[in-house]
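Chemist: Once you've had a glance at the structure underneath, I'll fire off some questions.
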Amino acid sequence: MKIVIAGGKSKADYLIRLLLGKKHKLVVINDDADYCAYLSQQHKIPVICGDPCKLYVLDEADIGDSDIIIALKPEDADNLAICQTAKRVYRVRKTVAVVSNPKSVEIFKRLGVNTAISAAYMIAAYIEQMSTVENLVNSLPLDQGNVVMNELMIGQTSPVAGKRLCEIELGEETIICCIIRGARIIVPRGQTSIQANDKLLVLSTPQRQSQVIAAIMGRERDE
C-alpha cells in the first residue's frame, strides 16, 4: 500500500520503521526541516518538507493515489483538516488521525475521518469495560470501542443453561456468535441448546454490556 505520514516526530519515526518492515510504500510530509533531513537520510524514502495542511505541499507530495494518510500533528484541528482535505480533494481511500483530546474521537468520525485514535480515550474505555464485567469474563473492545466481544463461561446456575437459543431474550444490538464446548466450536442456531460449562462469545454494544452479562450470568454487577 501507499501510505502518507503527515507530521509527527517520534511517532512518525516509529511508524516509518514499522511500515517499511511490512514493505509498504511511504511518503512523509513534515514541517521541520532538520527532522526531514534526518528521516530522509535514515530511511531513504521521499520526504516533503512543508506544512501538510497546505494544498501545495500535498500536491508536491503527490498523495492522490494513496491508500492511507496518517495525520500526526500535535493540534487536533490540523489533523482533521489534513484528513478531510486528503479524502475530499485527493480521494485518499482511508484517513487516520491521532487526537490529543478524547472528545475529538467521536467528532472526527462524524466529520468523515475513518479512524481517530486517542490513547486517553482507549484507556478510559478499557477501564470502564473492566469495571463493568468484573472478573466474570474476558472482554475485547472492537471498532474503536463501538462493539464489545465478551467471553462468558456458563455455570450450572446460569439462567441460560439448558435453554435453546430461540428461548433466550437478549434484546437488540446483541448476538451470541459462537459456542465453545470442550474442543468443539459450534455456530449457534435457533434450536441450539446452551449447556453448563459452555463458553459463549457474545457481541454487544458497550451500552448493552451490563444487561447482557446479567441476563446470561445471572447477577448484576456491583454498583
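The way I read the labels, and the way they are meant: chains A, B, ... in the order of the C-alpha cells, residue 1 as the first residue of every chain, and ligand 1 as the first ligand shown, with later ones counted on from there.
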Write out as a PyMOL selection string all residues of range 44-90 of chain A that backbone DSSP assigns to strand (DSSP E).

Modeler: chain A and resi 47-49+68-71

Chemist: Quick one: pull the distance between CA of Lys2 in chain A and CA of Ser40 in chain A, Å, one decimal.

Modeler: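 Value for the CA of Lys2 in chain A-CA of Ser40 in chain A distance: 17.0 Å.
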
Chemist: Between A:Ala71, A:Ile63, A:Leu15, A:Ile216, which residue has the minimum interatomic distance to Ala97 in chain A, considering only C-alpha atoms?

Modeler: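 Nearest to Ala97 in chain A: A:Ala71.
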
Chemist: If DSSP is run on the backbone, what residues of range 12-170 of chain A are alpha helix (DSSP H)? A reply as a PyMOL selection string would be ideal.

Modeler: chain A and resi 12-21+33-43+55-61+76-88+104-110+119-133

Chemist: Which is closest to Gln191 in chain A among A:Leu165, A:Val148, A:Leu26, A:Ile117, if we use only C-alpha atoms?

Modeler: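 Among A:Leu165, A:Val148, A:Leu26, A:Ile117, it is A:Leu165 that comes nearest to Gln191 in chain A.
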
Chemist: Which is closest to Asn30 in chain A among A:Lys73, A:Lys199, A:Lys94, A:Lys87, if we use only C-alpha atoms?

Modeler: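 Distance minimum relative to Asn30 in chain A lands on A:Lys73.
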
Chemist: Taking into account only C-alpha atoms, which residue in the set A:Val4, A:Leu152, A:Val89, A:Leu80 is nearest to Ser104 in chain A?

Modeler: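 Nearest candidate to Ser104 in chain A out of A:Val4, A:Leu152, A:Val89, A:Leu80: A:Leu80.
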
Chemist: Excluding Phe108 in chain A and any residue of its chain fewer than 2 positions from it, enumerate the residues within 10 Å of it, using only C-alpha atoms, and give them as an MDAnalysis selection string.

Modeler: chainID A and resid 76:77 79:80 83:84 96:97 99 103:106 110:117

Chemist: Produce a file of the selected residues containing C-alpha atoms, as an mmCIF file, in the first residue's frame.

Modeler:
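The resulting file, part_19.cif, is shown below:
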```cif
data_model
loop_
_atom_site.group_PDB
_atom_site.id
_atom_site.type_symbol
_atom_site.label_atom_id
_atom_site.label_comp_id
_atom_site.auth_asym_id
_atom_site.auth_seq_id
_atom_site.Cartn_x
_atom_site.Cartn_y
_atom_site.Cartn_z
ATOM 1 C CA ASP A 76 -6.324 18.096 16.582
ATOM 2 C CA ALA A 77 -7.701 20.773 14.242
ATOM 3 C CA ASN A 79 -5.137 16.593 11.791
ATOM 4 C CA LEU A 80 -8.825 16.981 10.974
ATOM 5 C CA CYS A 83 -7.725 14.094 6.729
ATOM 6 C CA GLN A 84 -10.684 15.962 5.264
ATOM 7 C CA VAL A 96 -6.295 8.109 10.245
ATOM 8 C CA ALA A 97 -5.841 10.897 12.803
ATOM 9 C CA VAL A 99 -6.052 13.187 18.591
ATOM 10 C CA LYS A 103 -13.744 14.156 22.943
ATOM 11 C CA SER A 104 -12.438 14.594 19.410
ATOM 12 C CA VAL A 105 -12.729 10.877 18.623
ATOM 13 C CA GLU A 106 -16.482 10.843 18.025
ATOM 14 C CA ARG A 110 -18.900 12.187 12.334
ATOM 15 C CA LEU A 111 -16.842 14.506 10.148
ATOM 16 C CA GLY A 112 -15.638 11.693 7.916
ATOM 17 C CA VAL A 113 -12.313 10.576 9.398
ATOM 18 C CA ASN A 114 -12.168 6.791 9.130
ATOM 19 C CA THR A 115 -10.161 6.212 12.298
ATOM 20 C CA ALA A 116 -9.426 8.614 15.168
ATOM 21 C CA ILE A 117 -7.040 7.384 17.835
#
```
